[in-house]
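S.K.: The following block contains the structure, expressed as structure tokens.
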Amino acid sequence: MSASVLDAPETGWSAPPAASLSHIRTYSRFTWQRNWLRLLVWALVIVGLVGFVAAYYMRLFGHDDTALKEFGDLAAQPPLNALVGTISNPYVLGGALWCKSWMFAALMLQIGMLYLTTRNLRGDEDAGRAELMRAYPLGLHARLAATVWISCLACLVIGLVSGPIIAVTFAPSPYDGSSAGAYVFGLSVATMGILGVGIGALTNQLASSNGAANGLGVGIIAVFYVLRMLGDMNGTPALIWASPIGWGQKADPWGADRVWPLVLQVVLAAVCVAIAWVIEQRRDLGAGLIAQRAGSSRASRLTRTALGLGLRTQRASLIAWLVVVIITGDLLGGVVQKMADLIASTPEAFVLAGSGGAVLDGTVALMGGIMALAISAFSIQSVSTLRADEEAGLAEAQLAGSVSRIGWALRRLAIALVATVLLLVIAGGVMGAAYVQAGGASSWTTTCVQAVLIYLPAVALLMSVVVLGLGWWPRQAVAVSWIVLGAMFAVMIVGVALNIPQRVLNLMPFQALPAIPADPFRWTPVLVESGLAIALTVVGLAGLRRRVVPTL
């Protein structure tokens, strides 16, 4: 009897790692293949947003010095400074672009890069993919290095493409400012994204789970933002310089055009990556430097119910959103009158849906719609926890008890709906109180609450889209829901600028509802959207009842 040995085919992983970056080229190809579509979408969104706002302001202010000066005066108000930051020259087209889009685009890219870094590092550890890869002779730091350089390169491409687009768009105007400002603007957005990569690399070594790494990273960014906000609101340069977000602001495009503060952001990101590099050499795979806190040996009576467990798992998100809503409502309420004055001088600049009344009424209605649209992001996030629990196995464990699928889902939807109503009411109340404190009549507090709460049917309709997806296409449900929300935001903000017919805009959920106090109240759209939300929710729950749980 004889035996023969079959030679295994060459896999490229046949030798032990000679260095901590062994096979980084192979792993970089793998990382690129997993993330190229996400990176492309981020690039298109950021560059498209900046390019659109630049073109819009070129058409609006490109040959109107008076309107541009009025916009600059509005941008110099402390409440708006607190929201978007301060630059030295808001009286050029570039200054208007910066005030409108820099903070939003830069923070969006920074948080997006944080989440992408976490997905590739800590997310793969939680899912077991990192352990599978490390079973081959992959260098200890190859995963970290591949993720960092690919993400940073994507940020640089976004910044380097945005600069020339802005410069070319503003070139025909006598109020374009220096062309160098466009390139500084693009680089400042890029370095904000790179800082997000560095923060993500560090929190992935500190935290012991994907969710904890994301939460810690967003918390760090929030602290940086609050420090800068307080510095801009109170005119305290020390607080602005204490915040790395303030370093990006201090680039001051179309003013001082500084580059060296952006170098500080890159250096800080490099320091974060270096610390992550050292920690990765010392910690166990799957563990974090910050150990998970031991829980109680006994579950409380609240967490022994599906409703209580849902509240417990969303506690941090609810608190964070409450803080954001209070701060934003207070800042917007403080500039209502200034915004109304600007709209009165340039009425074509803004979308005042159906505003047959006074400009102030239309301004309040516009701000109410924007606040409601922002809060709908929380609503989608809250409903999406149904899918997150399913993927993590928590849904299966709960359904093994006495609760039914429909009962479990309805309890979680009740949390999302009640929390959404509370956030809408608080947003309107704080905005109205801030306007009253700034000199408005006391009755405006109730009016502002109504101006935000009127959009509850539209928010509920977006929530029902998530439920529908969870029942019938669970793997794509969350992504589809965010795409729908993004489309609503785009239509609401840029609909008129793109010359979309008003009859088409009126079919959109937010535009279809009466804009309080600008429009008279109409029950028909409220009832129609509420009915659609209920119908889609019922259909989604029917799908959840019939399909396999979990569907991974």
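By convention here, the chains of the structure tokens are called A, B, ... in the order presented, each chain's residues are numbered starting at 1, and ligands are numbered starting at 1 in the order presented.
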What are the nearest atom pairs, with distances in Å to one decimal, for all residues of range 225-343 of chain A that come at most 9 Å from range 428-443 of chain A, using only C-alpha atoms, set out by chain and rising residue number as CSV?

M.R.:
residue,atom,partner,partner_atom,distance
A:Val325,CA,A:Val430,CA,8.5
A:Ile326,CA,A:Val430,CA,6.3
A:Ile327,CA,A:Val430,CA,8.5
A:Thr328,CA,A:Met431,CA,8.1
A:Gly329,CA,A:Met431,CA,4.4
A:Asp330,CA,A:Met431,CA,5.1
A:Leu331,CA,A:Met431,CA,7.5
A:Leu332,CA,A:Met431,CA,6.3
A:Gly333,CA,A:Met431,CA,4.3
A:Gly334,CA,A:Tyr435,CA,5.4
A:Val335,CA,A:Tyr435,CA,7.6
A:Val336,CA,A:Tyr435,CA,6.7
A:Gln337,CA,A:Tyr435,CA,8.0

S.K.: Using only C-alpha atoms, which protein or nucleic acid residues come within 9 Å of range 267-283 of chain A? Drop anything in the same chain fewer than 6 positions from it, and give the result as a list of chain:residue names.

M.R.: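 Within the cut-off, the hits are A:Leu140, A:His141, A:Leu144, A:Ala145, A:Val148, A:Thr191, A:Ile194, A:Leu195, A:Gly196, A:Val197, A:Gly198, A:Ile199, A:Gly200, A:Ala201, A:Leu202, A:Thr203, A:Asn204, A:Gln205, A:Leu206, A:Pro244, A:Leu289.
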
S.K.: Out of A:Ala515, A:Leu541, A:Ala477, A:Leu527, which residue has the shortest atom-to-atom distance to Ser404 in chain A when counting only C-alpha atoms?

M.R.: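 The closest residue to Ser404 in chain A is A:Leu541.
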
S.K.: May I ask for the distance between CA of Val528 in chain A and CA of Pro457 in chain A, given in Å to one decimal place?

M.R.: 8.8 Å

S.K.: Between CA of Val157 in chain A and CA of Leu49 in chain A, what distance in Å does the model show, to one decimal?

M.R.: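 CA of Leu49 in chain A lies at a distance of 15.2 Å from CA of Val157 in chain A.
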
S.K.: Tell me which protein, DNA and RNA residues are within 9 Å of Leu461 in chain A, counting only C-alpha atoms, leaving out same-chain ones fewer than 2 positions away, and put them as a PyMOL selection string.

M.R.: chain A and resi 456-459+463-465+509+529-534+536-537

S.K.: Keeping only N, CA and C atoms, take the residues you just selected and write them out as a short mmCIF file (atom, residue, chain, number, x, y, z; two decimals), in the first residue's frame.

M.R.:
data_model
loop_
_atom_site.label_atom_id
_atom_site.label_comp_id
_atom_site.auth_asym_id
_atom_site.auth_seq_id
_atom_site.Cartn_x
_atom_site.Cartn_y
_atom_site.Cartn_z
N LEU A 456 -44.35 65.83 10.99
CA LEU A 456 -44.36 64.48 11.55
C LEU A 456 -44.86 63.43 10.55
N PRO A 457 -45.93 63.68 9.78
CA PRO A 457 -46.34 62.65 8.80
C PRO A 457 -45.25 62.31 7.78
N ALA A 458 -44.48 63.33 7.35
CA ALA A 458 -43.41 63.06 6.39
C ALA A 458 -42.30 62.23 7.03
N VAL A 459 -41.96 62.54 8.28
CA VAL A 459 -40.94 61.75 8.99
C VAL A 459 -41.44 60.32 9.19
N MET A 463 -39.89 56.64 8.04
CA MET A 463 -39.75 55.51 8.95
C MET A 463 -40.42 54.26 8.38
N SER A 464 -41.56 54.46 7.74
CA SER A 464 -42.29 53.31 7.18
C SER A 464 -41.53 52.67 6.02
N VAL A 465 -40.74 53.47 5.31
CA VAL A 465 -39.91 52.92 4.23
C VAL A 465 -38.88 51.94 4.81
N PRO A 509 -42.77 64.40 0.05
CA PRO A 509 -43.43 64.35 1.37
C PRO A 509 -43.33 65.63 2.17
N GLU A 529 -50.47 61.36 3.83
CA GLU A 529 -49.13 60.87 4.20
C GLU A 529 -49.20 59.97 5.43
N SER A 530 -50.07 60.31 6.39
CA SER A 530 -50.22 59.45 7.57
C SER A 530 -50.76 58.08 7.16
N GLY A 531 -51.73 58.07 6.25
CA GLY A 531 -52.28 56.80 5.78
C GLY A 531 -51.26 55.97 5.03
N LEU A 532 -50.45 56.63 4.20
CA LEU A 532 -49.39 55.91 3.48
C LEU A 532 -48.37 55.32 4.45
N ALA A 533 -48.03 56.08 5.47
CA ALA A 533 -47.06 55.58 6.46
C ALA A 533 -47.61 54.35 7.17
N ILE A 534 -48.87 54.39 7.55
CA ILE A 534 -49.48 53.23 8.22
C ILE A 534 -49.53 52.04 7.28
N LEU A 536 -47.63 51.31 4.58
CA LEU A 536 -46.31 50.74 4.32
C LEU A 536 -45.78 49.99 5.55
N THR A 537 -46.11 50.51 6.73
CA THR A 537 -45.68 49.82 7.95
C THR A 537 -46.36 48.46 8.07
#

S.K.: For range 245-261 of chain A, please output as a list in words all residues within 6 Å (counting only C-alpha atoms; exclusion window: fewer than 6 positions along the same chain).

M.R.: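 Counting only C-alpha atoms, the residues come to Ile87, Ser88, Asn89, Gly177, Ser178, Gly181, Val184, Phe185, Ser188 and Arg228 of chain A.
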
S.K.: For the selection just defined, write its residues with C-alpha atoms to a file, as a short mmCIF file (atom, residue, chain, number, x, y, z; two decimals), in the first residue's frame.

M.R.:
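again-v9.cif was written with the following content:
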data_model
loop_
_atom_site.label_atom_id
_atom_site.label_comp_id
_atom_site.auth_asym_id
_atom_site.auth_seq_id
_atom_site.Cartn_x
_atom_site.Cartn_y
_atom_site.Cartn_z
CA ILE A 87 -13.65 83.56 8.42
CA SER A 88 -12.18 87.01 7.86
CA ASN A 89 -13.71 87.70 4.44
CA GLY A 177 -11.85 86.56 -4.32
CA SER A 178 -8.37 85.03 -4.66
CA GLY A 181 -8.77 80.43 -1.60
CA VAL A 184 -7.14 76.12 0.43
CA PHE A 185 -10.85 75.35 0.80
CA SER A 188 -9.12 72.02 4.36
CA ARG A 228 -14.82 75.52 18.42
#

S.K.: Can you tell me, as a ChimeraX atom specification, what residues are no more than 6 Å from range 366-377 of chain A when counting only C-alpha atoms, ignoring any on the same chain fewer than 2 positions away?

M.R.: /A:363-364,379-380,451-452,459

S.K.: For CA of Ala400 in chain A and CA of Thr420 in chain A, determine how far apart the two atoms are, in Å to one decimal place.

M.R.: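 Going from CA of Ala400 in chain A over to CA of Thr420 in chain A covers 29.1 Å.
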
S.K.: Between A:Ala388, A:Met58, A:Ile240, A:Val226, which residue has the minimum interatomic distance to Thr313 in chain A, considering only C-alpha atoms?

M.R.: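 Selected residue with least distance to Thr313 in chain A: A:Ala388.
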
S.K.: Using only C-alpha atoms, which of the listed residues (A:Leu423, A:Gly112, A:Ala238, A:Arg475) sits closest to Trp321 in chain A?

M.R.: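 The answer is A:Leu423, which sits nearest to Trp321 in chain A.
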
S.K.: Give me, as an MDAnalysis selection string, all polymer residues having an atom no more than 10 Å from Ile165 in chain A, counting only C-alpha atoms and skipping those fewer than 5 positions away in the same chain.

M.R.: chainID A and resid 47:48 50:52 54:55 160 170 182:183 186

S.K.: So which one's closest to Met508 in chain A, A:Phe521, A:Phe224, A:Phe104, A:Tyr455? Using only C-alpha atoms, please.

M.R.: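 Once distances to Met508 in chain A are computed over only C-alpha atoms, the minimum belongs to A:Tyr455.
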
S.K.: Going by DSSP on the backbone, which bits of range 205-428 of chain A are helix (DSSP H, G or I)? Write them as number ranges by chain, please.

M.R.: A: 205-206, 210-234, 237-241, 244-249, 260-282, 302-304, 306-313, 315-333, 336-345, 347-349, 359-392, 394-399, 405-428

S.K.: With distances taken over only C-alpha atoms, which residue among A:Ile516, A:Cys152, A:Val223, A:Val466 lies nearest Cys448 in chain A?

M.R.: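 For Cys448 in chain A, the nearest of the given residues is A:Ile516.
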